[in-house]
Amino acid sequence: MEEQVPQEETLATPGVIDKYQAAGKVANIVLEGVIARCVPGARIYDICLWGDNEINNELTKVYNKKRIEKGLAFPTSISVNEVCGYYSPLKDDEAVLNEGDVAKIQLGAHIDGYIGIVAHTVVVSADPKKPVEADRKSDVVLAAYNALQASLRLLKPGSTNAQVTETIGKIAAAYKVNPLEGVLSHELKKHLIDGNSVIINKETFDQRVEEAEFQVNQVFALDIIITTGEGKPKESDLRTTVYKRALERTYTLKTKNARAFFSEVNEKFPTLAFSLRSFTDEIGAKVGVSECMKHDLLNPYPILVEKTGEFVAHFQWTVLILKGGTICTTGLPINVDQYKTQNKIEDAGVLELLTLSMDKKEQTKQRKTKAKEAAKPEEEKKAE
């Protein structure tokens with residue numbers, strides 16, 4: 001008798017959507033708390049530590065009847081100004097936030113391997129309602145947020161990843177800023193944060209992806225990063241602290257420290273990203289990670305930077321493509337009126353996209369209206 005291969009669970013599998021939504025709700029709750037803590041003088045390490053602890057705390061409140069794996073899908077990171085992402089400091093890092101910093105927050109939770117990941121950008125201020133003047137900070141935040149909003153409306157069956165990339169470029173150009181090169185929005189699956197189906201933030205001669213149509217039951221971490229700089233980030237001297245297990249690699253480590261560290265990785269973070277901050281013995285983790293990296297057992301998330309003086313904005317929402325419409329399980333809105341700018345979007349196609357509702361019932365209503373309009377005889381359309 002042939003051994004049956006377990007079928008891959010998708011959004012069509014009972015209970016899966018609920019787990020994505022529950023993980024997303026946890027991510028959003030914690031994101032709100034992290035945003036509230038992003039004030040002048042706050043130590044970045046303290047906020048990130050609070051974020052990680054709060055994710056685990058919120059997860060204890062859900063899915064308690066059966067033994068289900070829950071935890072961080074991505075450690076809390078806060079990357080400031082020209083730092084593009086993955087700044088998730090350790091205990092000995094004294095960096096603090098300053099008035100006017102453009103702070104990019106990223107974090108994620110999972111329930112049974114189903115991921116809710118989110119990124120959000122704030123301009124740090126003692127007064128969270130203070131208007132952001134018409135300058136490059138406003139432009140980069142508005143470009144990133146509007147690019148995300150327009151892209152969300154393209155994540156539906158029949159649209160393609162190339163259309164999303166093109167739309168991101170148009171919106172960035174409208175605000176006289178640039179999409180960051182090397183950024184990919186990955187398809188999410190159970191215990192997989194970097195699936196093979198992707199959307200590229202900016203296409204170049206060297207960086208291209210195959211065009212593909214979106215399909216029902218796909219899940220994406222829609223990831224938009226925009227910069228006031230050239231969009232060509234460089235690796236920095238800042239210490240890498242975020243890693244992910246390289247599942248395809250095995251090796252018997254030689255030192256006791258490395259074996260202890262890697263054993264803890266396999267126990268706590270077998271498939272998803274983690275920060276060295278999550279280990280009780282940070283010094284031992286630093287030693288262990290060094291040997292693991294020598295043997296390619298971990299994939300690093302290096303900290304990339306733009307030129308000093310530039311600003312980078314980042315928004316990332318988890319998106320479920322369903323038959324009845326597209327829903328977002330993570331992501332918080334910004335008050336766009338708080339950001340002043342002399343630039344604006346003028347492309348008619350993009351403006352039309354931004355008017356489309358993300359409410360599922362409203363999406364269905366808009367599709368029916370459009371189909372009804374398309375079915376009208378040409379004479380009737382001309383008469384109108």
# chains A, B, ... in the order shown; residues from 1 in each chain; ligands from 1
$ closest_atom_pairs --of "stretch 41-151 of chain A" --to "stretch 163-182 of chain A" --cutoff "12 Å" --atoms "only C-alpha atoms" --output "JSON lines"
{"residue": "A:Glu82", "atom": "CA", "partner": "A:Leu180", "partner_atom": "CA", "distance": 11.5}
{"residue": "A:Val83", "atom": "CA", "partner": "A:Leu180", "partner_atom": "CA", "distance": 11.7}
{"residue": "A:Cys84", "atom": "CA", "partner": "A:Leu180", "partner_atom": "CA", "distance": 8.7}
{"residue": "A:Gly85", "atom": "CA", "partner": "A:Leu180", "partner_atom": "CA", "distance": 11.3}
{"residue": "A:Ala134", "atom": "CA", "partner": "A:Tyr175", "partner_atom": "CA", "distance": 11.2}
{"residue": "A:Asp135", "atom": "CA", "partner": "A:Tyr175", "partner_atom": "CA", "distance": 10.5}
{"residue": "A:Arg136", "atom": "CA", "partner": "A:Val177", "partner_atom": "CA", "distance": 8.4}
{"residue": "A:Lys137", "atom": "CA", "partner": "A:Val177", "partner_atom": "CA", "distance": 10.3}
{"residue": "A:Ser138", "atom": "CA", "partner": "A:Tyr175", "partner_atom": "CA", "distance": 9.3}
{"residue": "A:Asp139", "atom": "CA", "partner": "A:Tyr175", "partner_atom": "CA", "distance": 5.6}
{"residue": "A:Val140", "atom": "CA", "partner": "A:Val177", "partner_atom": "CA", "distance": 6.5}
{"residue": "A:Val141", "atom": "CA", "partner": "A:Tyr175", "partner_atom": "CA", "distance": 9.7}
{"residue": "A:Leu142", "atom": "CA", "partner": "A:Tyr175", "partner_atom": "CA", "distance": 7.9}
{"residue": "A:Ala143", "atom": "CA", "partner": "A:Ala172", "partner_atom": "CA", "distance": 5.4}
{"residue": "A:Ala144", "atom": "CA", "partner": "A:Ala172", "partner_atom": "CA", "distance": 7.5}
{"residue": "A:Tyr145", "atom": "CA", "partner": "A:Ile171", "partner_atom": "CA", "distance": 9.7}
{"residue": "A:Asn146", "atom": "CA", "partner": "A:Ile171", "partner_atom": "CA", "distance": 7.2}
{"residue": "A:Ala147", "atom": "CA", "partner": "A:Ile168", "partner_atom": "CA", "distance": 5.1}
{"residue": "A:Leu148", "atom": "CA", "partner": "A:Ile168", "partner_atom": "CA", "distance": 7.8}
{"residue": "A:Gln149", "atom": "CA", "partner": "A:Ile168", "partner_atom": "CA", "distance": 9.9}
{"residue": "A:Ala150", "atom": "CA", "partner": "A:Thr167", "partner_atom": "CA", "distance": 7.3}
{"residue": "A:Ser151", "atom": "CA", "partner": "A:Val164", "partner_atom": "CA", "distance": 5.4}
$ write_last_selection --atoms "all heavy atoms" --output "short mmCIF file (atom, residue, chain, number, x, y, z; two decimals), in the first residue's frame"
data_model
loop_
_atom_site.label_atom_id
_atom_site.label_comp_id
_atom_site.auth_asym_id
_atom_site.auth_seq_id
_atom_site.Cartn_x
_atom_site.Cartn_y
_atom_site.Cartn_z
N GLU A 82 18.04 56.51 7.41
CA GLU A 82 18.59 55.86 6.22
C GLU A 82 18.75 54.35 6.38
O GLU A 82 19.06 53.66 5.40
CB GLU A 82 19.96 56.49 5.86
CG GLU A 82 21.11 56.10 6.77
CD GLU A 82 21.26 57.00 7.99
OE1 GLU A 82 20.34 57.79 8.25
OE2 GLU A 82 22.31 56.90 8.66
N VAL A 83 18.56 53.82 7.59
CA VAL A 83 18.64 52.37 7.81
C VAL A 83 17.39 51.73 7.21
O VAL A 83 16.26 52.09 7.56
CB VAL A 83 18.77 52.04 9.30
CG1 VAL A 83 18.85 50.52 9.50
CG2 VAL A 83 20.01 52.71 9.89
N CYS A 84 17.59 50.78 6.30
CA CYS A 84 16.45 50.25 5.51
C CYS A 84 15.61 49.23 6.26
O CYS A 84 14.42 49.07 5.99
CB CYS A 84 16.98 49.63 4.22
SG CYS A 84 17.85 50.81 3.18
N GLY A 85 16.21 48.49 7.20
CA GLY A 85 15.44 47.49 7.93
C GLY A 85 16.30 46.55 8.74
O GLY A 85 17.54 46.60 8.69
N ALA A 134 5.96 69.84 4.83
CA ALA A 134 6.12 69.44 3.43
C ALA A 134 7.61 69.32 3.10
O ALA A 134 8.25 70.28 2.66
CB ALA A 134 5.45 70.46 2.51
N ASP A 135 8.16 68.15 3.36
CA ASP A 135 9.57 67.92 3.06
C ASP A 135 9.75 66.47 2.60
O ASP A 135 8.77 65.77 2.35
CB ASP A 135 10.46 68.26 4.26
CG ASP A 135 10.14 67.40 5.50
OD1 ASP A 135 9.41 66.38 5.36
OD2 ASP A 135 10.61 67.72 6.59
N ARG A 136 10.99 66.01 2.53
CA ARG A 136 11.28 64.68 2.02
C ARG A 136 10.71 63.58 2.90
O ARG A 136 10.41 62.48 2.43
CB ARG A 136 12.79 64.49 1.85
CG ARG A 136 13.46 65.57 1.02
CD ARG A 136 12.88 65.64 -0.40
NE ARG A 136 13.41 64.59 -1.27
CZ ARG A 136 12.74 64.05 -2.29
NH1 ARG A 136 11.52 64.42 -2.55
NH2 ARG A 136 13.31 63.13 -3.04
N LYS A 137 10.57 63.85 4.19
CA LYS A 137 9.99 62.85 5.09
C LYS A 137 8.54 62.57 4.72
O LYS A 137 8.11 61.42 4.64
CB LYS A 137 10.09 63.32 6.55
CG LYS A 137 11.50 63.43 7.09
CD LYS A 137 11.50 63.98 8.50
CE LYS A 137 12.91 64.26 8.99
NZ LYS A 137 12.92 64.85 10.36
N SER A 138 7.79 63.65 4.52
CA SER A 138 6.39 63.50 4.11
C SER A 138 6.29 62.77 2.78
O SER A 138 5.47 61.85 2.60
CB SER A 138 5.72 64.87 3.98
OG SER A 138 5.15 65.26 5.19
N ASP A 139 7.11 63.17 1.82
CA ASP A 139 7.05 62.56 0.49
C ASP A 139 7.30 61.06 0.54
O ASP A 139 6.59 60.28 -0.10
CB ASP A 139 8.10 63.21 -0.43
CG ASP A 139 7.72 64.63 -0.84
OD1 ASP A 139 6.51 64.93 -0.87
OD2 ASP A 139 8.63 65.43 -1.11
N VAL A 140 8.31 60.64 1.30
CA VAL A 140 8.68 59.23 1.30
C VAL A 140 7.62 58.38 2.02
O VAL A 140 7.30 57.27 1.59
CB VAL A 140 10.09 59.02 1.88
CG1 VAL A 140 10.13 59.10 3.40
CG2 VAL A 140 10.68 57.71 1.39
N VAL A 141 7.05 58.94 3.09
CA VAL A 141 6.00 58.19 3.82
C VAL A 141 4.73 58.07 2.97
O VAL A 141 4.14 56.99 2.85
CB VAL A 141 5.69 58.85 5.18
CG1 VAL A 141 4.48 58.19 5.84
CG2 VAL A 141 6.91 58.75 6.11
N LEU A 142 4.31 59.20 2.37
CA LEU A 142 3.10 59.18 1.54
C LEU A 142 3.28 58.27 0.32
O LEU A 142 2.37 57.54 -0.07
CB LEU A 142 2.73 60.59 1.09
CG LEU A 142 2.16 61.50 2.18
CD1 LEU A 142 2.02 62.92 1.66
CD2 LEU A 142 0.81 60.98 2.67
N ALA A 143 4.46 58.30 -0.28
CA ALA A 143 4.71 57.45 -1.45
C ALA A 143 4.62 55.98 -1.07
O ALA A 143 3.98 55.18 -1.77
CB ALA A 143 6.08 57.77 -2.04
N ALA A 144 5.25 55.60 0.04
CA ALA A 144 5.24 54.20 0.46
C ALA A 144 3.83 53.75 0.83
O ALA A 144 3.39 52.66 0.44
CB ALA A 144 6.19 54.00 1.64
N TYR A 145 3.11 54.59 1.56
CA TYR A 145 1.76 54.21 2.00
C TYR A 145 0.79 54.11 0.83
O TYR A 145 0.02 53.16 0.72
CB TYR A 145 1.25 55.22 3.03
CG TYR A 145 -0.09 54.82 3.63
CD1 TYR A 145 -0.17 53.77 4.53
CD2 TYR A 145 -1.27 55.48 3.27
CE1 TYR A 145 -1.39 53.39 5.08
CE2 TYR A 145 -2.49 55.10 3.80
CZ TYR A 145 -2.54 54.06 4.71
OH TYR A 145 -3.75 53.67 5.24
N ASN A 146 0.83 55.10 -0.06
CA ASN A 146 -0.07 55.06 -1.21
C ASN A 146 0.30 53.94 -2.18
O ASN A 146 -0.59 53.33 -2.81
CB ASN A 146 -0.07 56.41 -1.94
CG ASN A 146 -0.92 57.44 -1.23
OD1 ASN A 146 -2.01 57.14 -0.76
ND2 ASN A 146 -0.43 58.67 -1.12
N ALA A 147 1.60 53.64 -2.29
CA ALA A 147 2.02 52.50 -3.13
C ALA A 147 1.48 51.20 -2.56
O ALA A 147 1.04 50.31 -3.31
CB ALA A 147 3.54 52.45 -3.23
N LEU A 148 1.49 51.08 -1.25
CA LEU A 148 0.91 49.90 -0.63
C LEU A 148 -0.59 49.82 -0.88
O LEU A 148 -1.11 48.76 -1.26
CB LEU A 148 1.18 49.91 0.88
CG LEU A 148 0.55 48.72 1.59
CD1 LEU A 148 1.59 47.78 2.15
CD2 LEU A 148 -0.39 49.17 2.70
N GLN A 149 -1.29 50.93 -0.70
CA GLN A 149 -2.74 50.94 -0.88
C GLN A 149 -3.13 50.60 -2.32
O GLN A 149 -4.07 49.82 -2.55
CB GLN A 149 -3.32 52.30 -0.48
CG GLN A 149 -3.21 52.61 1.01
CD GLN A 149 -3.95 51.59 1.86
OE1 GLN A 149 -5.02 51.10 1.51
NE2 GLN A 149 -3.35 51.25 2.99
N ALA A 150 -2.42 51.15 -3.28
CA ALA A 150 -2.73 50.85 -4.68
C ALA A 150 -2.39 49.39 -5.00
O ALA A 150 -3.16 48.70 -5.69
CB ALA A 150 -1.94 51.78 -5.60
N SER A 151 -1.29 48.91 -4.48
CA SER A 151 -0.86 47.53 -4.73
C SER A 151 -1.84 46.53 -4.15
O SER A 151 -2.11 45.48 -4.75
CB SER A 151 0.53 47.29 -4.16
OG SER A 151 1.48 48.14 -4.78
#
$ residues_around --residues "stretch 302-314 of chain A" --least-positions-apart "4" --cutoff "9 Å" --atoms "only C-alpha atoms" --output "PyMOL selection string"
chain A and resi 80-87+101-106+119-122+136-137+140-145+180+223-243
$ select_by_dssp --residues "stretch 178-321 of chain A" --states "helix (DSSP H, G or I)" --output "ChimeraX atom specification"
/A:256-268,276-278,282-294
$ write_last_selection --atoms "N, CA, C and O atoms" --output "compact mmCIF listing (two decimals), in the first residue's frame"
# COMPACT_ATOMS: atom_id res chain seq x y z
N LYS A 256 30.86 23.21 21.97
CA LYS A 256 29.73 23.05 22.88
C LYS A 256 28.78 24.25 22.78
O LYS A 256 27.55 24.09 22.75
N ASN A 257 29.36 25.46 22.75
CA ASN A 257 28.54 26.68 22.66
C ASN A 257 27.68 26.68 21.41
O ASN A 257 26.49 27.02 21.45
N ALA A 258 28.28 26.33 20.28
CA ALA A 258 27.56 26.34 19.01
C ALA A 258 26.45 25.29 19.01
O ALA A 258 25.33 25.55 18.53
N ARG A 259 26.74 24.11 19.56
CA ARG A 259 25.72 23.05 19.60
C ARG A 259 24.55 23.46 20.49
O ARG A 259 23.38 23.23 20.15
N ALA A 260 24.85 24.08 21.63
CA ALA A 260 23.79 24.53 22.54
C ALA A 260 22.92 25.60 21.88
O ALA A 260 21.69 25.57 21.97
N PHE A 261 23.59 26.54 21.21
CA PHE A 261 22.86 27.62 20.53
C PHE A 261 21.97 27.05 19.42
O PHE A 261 20.79 27.38 19.32
N PHE A 262 22.54 26.18 18.59
CA PHE A 262 21.79 25.65 17.45
C PHE A 262 20.64 24.75 17.90
O PHE A 262 19.59 24.72 17.27
N SER A 263 20.83 24.07 19.01
CA SER A 263 19.76 23.25 19.57
C SER A 263 18.59 24.13 19.99
O SER A 263 17.42 23.81 19.76
N GLU A 264 18.92 25.29 20.58
CA GLU A 264 17.86 26.23 20.99
C GLU A 264 17.17 26.83 19.78
O GLU A 264 15.94 27.05 19.80
N VAL A 265 17.93 27.11 18.72
CA VAL A 265 17.32 27.60 17.47
C VAL A 265 16.31 26.59 16.95
O VAL A 265 15.17 26.93 16.61
N ASN A 266 16.72 25.32 16.88
CA ASN A 266 15.84 24.28 16.35
C ASN A 266 14.60 24.06 17.21
O ASN A 266 13.53 23.70 16.70
N GLU A 267 14.75 24.32 18.50
CA GLU A 267 13.62 24.13 19.41
C GLU A 267 12.64 25.30 19.34
O GLU A 267 11.43 25.12 19.25
N LYS A 268 13.18 26.53 19.37
CA LYS A 268 12.32 27.71 19.45
C LYS A 268 11.96 28.31 18.10
O LYS A 268 10.87 28.87 17.92
N LEU A 276 18.95 37.48 17.93
CA LEU A 276 19.82 36.96 18.99
C LEU A 276 19.37 37.48 20.36
O LEU A 276 19.73 36.92 21.39
N ARG A 277 18.55 38.54 20.35
CA ARG A 277 17.99 39.08 21.60
C ARG A 277 17.11 38.06 22.32
O ARG A 277 16.93 38.14 23.54
N SER A 278 16.57 37.11 21.57
CA SER A 278 15.65 36.12 22.16
C SER A 278 16.35 35.05 22.98
O SER A 278 15.68 34.21 23.58
N GLU A 282 23.15 35.91 25.59
CA GLU A 282 23.46 36.64 24.34
C GLU A 282 24.90 36.43 23.90
O GLU A 282 25.18 36.31 22.71
N ILE A 283 25.80 36.35 24.86
CA ILE A 283 27.22 36.15 24.52
C ILE A 283 27.41 34.78 23.88
O ILE A 283 28.08 34.64 22.85
N GLY A 284 26.80 33.78 24.47
CA GLY A 284 26.86 32.43 23.90
C GLY A 284 26.24 32.38 22.52
O GLY A 284 26.72 31.68 21.62
N ALA A 285 25.14 33.16 22.33
CA ALA A 285 24.47 33.21 21.03
C ALA A 285 25.39 33.83 19.97
O ALA A 285 25.43 33.36 18.83
N LYS A 286 26.12 34.89 20.35
CA LYS A 286 27.04 35.53 19.40
C LYS A 286 28.13 34.56 18.95
O LYS A 286 28.49 34.51 17.77
N VAL A 287 28.65 33.75 19.91
CA VAL A 287 29.68 32.76 19.59
C VAL A 287 29.08 31.66 18.72
O VAL A 287 29.65 31.25 17.70
N GLY A 288 27.89 31.20 19.11
CA GLY A 288 27.24 30.11 18.38
C GLY A 288 26.88 30.48 16.96
O GLY A 288 27.06 29.70 16.03
N VAL A 289 26.39 31.71 16.78
CA VAL A 289 25.97 32.12 15.44
C VAL A 289 27.16 32.21 14.50
O VAL A 289 27.05 31.93 13.30
N SER A 290 28.32 32.57 15.05
CA SER A 290 29.52 32.68 14.23
C SER A 290 29.88 31.33 13.60
O SER A 290 30.15 31.25 12.40
N GLU A 291 29.85 30.27 14.39
CA GLU A 291 30.18 28.95 13.84
C GLU A 291 29.08 28.45 12.90
O GLU A 291 29.36 27.85 11.86
N CYS A 292 27.82 28.72 13.25
CA CYS A 292 26.71 28.31 12.38
C CYS A 292 26.82 28.97 11.01
O CYS A 292 26.55 28.35 9.98
N MET A 293 27.23 30.23 10.99
CA MET A 293 27.37 30.95 9.73
C MET A 293 28.51 30.39 8.89
O MET A 293 28.42 30.34 7.66
N LYS A 294 29.57 29.94 9.54
CA LYS A 294 30.70 29.36 8.81
C LYS A 294 30.28 28.13 8.02
O LYS A 294 30.85 27.80 6.98
$ residues_around --residues "stretch 25-27 of chain A" --least-positions-apart "4" --cutoff "7 Å" --atoms "only C-alpha atoms" --output "NGL selection string"
:A and (21 or 31 or 55 or 58-59 or 107-109 or 116-118 or 329-330)
$ select_by_dssp --residues "stretch 15-222 of chain A" --states "strand (DSSP E or B)" --output "ChimeraX atom specification"
/A:43,70-80,83,96,102-111,114-123,132,160,178-179,184-187,189,192,198-200,213,219-222
$ closest_residue --among "A:Gly331, A:Glu362, A:Ala212, A:Asp194" --to "A:Val30" --atoms "only C-alpha atoms"
A:Gly331
$ residues_around --residues "A:Glu133" --least-positions-apart "6" --cutoff "12 Å" --atoms "only C-alpha atoms" --output "JSON, numbers by chain"
{"A": [100, 123, 139, 141, 337, 338, 339, 340, 341, 342]}
$ atom_distance --atom1 "atom CA of A:Asn335" --atom2 "atom CA of A:Lys129"
9.1 Å
$ residues_around --residues "stretch 160-162 of chain A" --least-positions-apart "3" --cutoff "12 Å" --atoms "only C-alpha atoms" --output "VMD selection string"
chain A and resid 151 to 157 165 to 169 184 to 187 197 to 203 208 to 215 220 222
$ atom_distance --atom1 "atom CA of A:Thr204" --atom2 "atom CA of A:Gln316"
21.6 Å
$ residues_around --residues "A:Leu188" --least-positions-apart "3" --cutoff "8 Å" --atoms "only C-alpha atoms" --output "list of chain:residue names"
A:Ile115, A:Leu192, A:Ile193, A:Asp194, A:Gly195, A:Gln218, A:Val219, A:Phe220, A:Ala221
$ write_last_selection --atoms "all heavy atoms" --output "mmCIF file, in the first residue's frame"
data_model
loop_
_atom_site.group_PDB
_atom_site.id
_atom_site.type_symbol
_atom_site.label_atom_id
_atom_site.label_comp_id
_atom_site.auth_asym_id
_atom_site.auth_seq_id
_atom_site.Cartn_x
_atom_site.Cartn_y
_atom_site.Cartn_z
ATOM 1 N N ILE A 115 1.315 32.908 9.323
ATOM 2 C CA ILE A 115 2.060 34.125 9.672
ATOM 3 C C ILE A 115 1.241 35.404 9.511
ATOM 4 O O ILE A 115 0.516 35.571 8.517
ATOM 5 C CB ILE A 115 3.321 34.211 8.775
ATOM 6 C CG1 ILE A 115 4.244 33.010 9.043
ATOM 7 C CG2 ILE A 115 4.065 35.520 8.977
ATOM 8 C CD1 ILE A 115 5.254 32.774 7.931
ATOM 9 N N LEU A 192 6.435 29.116 6.248
ATOM 10 C CA LEU A 192 7.298 29.612 5.165
ATOM 11 C C LEU A 192 7.063 31.109 4.975
ATOM 12 O O LEU A 192 5.973 31.525 4.552
ATOM 13 C CB LEU A 192 7.009 28.855 3.866
ATOM 14 C CG LEU A 192 7.906 29.204 2.671
ATOM 15 C CD1 LEU A 192 9.357 28.794 2.942
ATOM 16 C CD2 LEU A 192 7.396 28.512 1.399
ATOM 17 N N ILE A 193 8.101 31.904 5.250
ATOM 18 C CA ILE A 193 7.979 33.359 5.168
ATOM 19 C C ILE A 193 8.507 33.902 3.846
ATOM 20 O O ILE A 193 8.296 35.065 3.514
ATOM 21 C CB ILE A 193 8.722 34.007 6.360
ATOM 22 C CG1 ILE A 193 8.159 35.397 6.668
ATOM 23 C CG2 ILE A 193 10.238 34.033 6.146
ATOM 24 C CD1 ILE A 193 8.609 35.955 8.006
ATOM 25 N N ASP A 194 9.194 33.057 3.079
ATOM 26 C CA ASP A 194 9.812 33.516 1.822
ATOM 27 C C ASP A 194 9.537 32.535 0.685
ATOM 28 O O ASP A 194 10.440 31.936 0.123
ATOM 29 C CB ASP A 194 11.316 33.735 2.002
ATOM 30 C CG ASP A 194 12.011 32.535 2.651
ATOM 31 O OD1 ASP A 194 11.339 31.528 2.936
ATOM 32 O OD2 ASP A 194 13.231 32.601 2.870
ATOM 33 N N GLY A 195 8.240 32.391 0.352
ATOM 34 C CA GLY A 195 7.830 31.498 -0.733
ATOM 35 C C GLY A 195 8.359 31.949 -2.086
ATOM 36 O O GLY A 195 8.834 33.082 -2.251
ATOM 37 N N GLN A 218 -3.914 32.437 -2.587
ATOM 38 C CA GLN A 218 -2.537 32.828 -2.307
ATOM 39 C C GLN A 218 -2.510 33.827 -1.143
ATOM 40 O O GLN A 218 -3.460 34.586 -0.933
ATOM 41 C CB GLN A 218 -1.882 33.473 -3.528
ATOM 42 C CG GLN A 218 -1.410 32.487 -4.591
ATOM 43 C CD GLN A 218 -0.591 33.162 -5.672
ATOM 44 O OE1 GLN A 218 -1.047 34.127 -6.302
ATOM 45 N NE2 GLN A 218 0.610 32.674 -5.906
ATOM 46 N N VAL A 219 -1.411 33.815 -0.400
ATOM 47 C CA VAL A 219 -1.187 34.765 0.690
ATOM 48 C C VAL A 219 0.149 35.454 0.435
ATOM 49 O O VAL A 219 1.146 34.780 0.154
ATOM 50 C CB VAL A 219 -1.142 34.058 2.059
ATOM 51 C CG1 VAL A 219 -0.946 35.073 3.185
ATOM 52 C CG2 VAL A 219 -2.405 33.243 2.292
ATOM 53 N N PHE A 220 0.163 36.771 0.514
ATOM 54 C CA PHE A 220 1.402 37.525 0.299
ATOM 55 C C PHE A 220 1.695 38.435 1.480
ATOM 56 O O PHE A 220 0.784 38.995 2.101
ATOM 57 C CB PHE A 220 1.312 38.389 -0.966
ATOM 58 C CG PHE A 220 1.573 37.641 -2.239
ATOM 59 C CD1 PHE A 220 0.528 37.029 -2.925
ATOM 60 C CD2 PHE A 220 2.865 37.519 -2.744
ATOM 61 C CE1 PHE A 220 0.761 36.324 -4.100
ATOM 62 C CE2 PHE A 220 3.114 36.823 -3.905
ATOM 63 C CZ PHE A 220 2.061 36.214 -4.597
ATOM 64 N N ALA A 221 2.990 38.595 1.769
ATOM 65 C CA ALA A 221 3.437 39.669 2.655
ATOM 66 C C ALA A 221 3.813 40.813 1.722
ATOM 67 O O ALA A 221 4.931 40.870 1.210
ATOM 68 C CB ALA A 221 4.629 39.219 3.483
#
$ closest_residue --among "A:His295, A:Val62, A:Val39, A:Pro131" --to "A:Lys254" --atoms "only C-alpha atoms"
A:His295
$ closest_residue --among "A:Leu90, A:Tyr45, A:Phe315, A:Ile111" --to "A:Ile334" --atoms "only C-alpha atoms"
A:Phe315
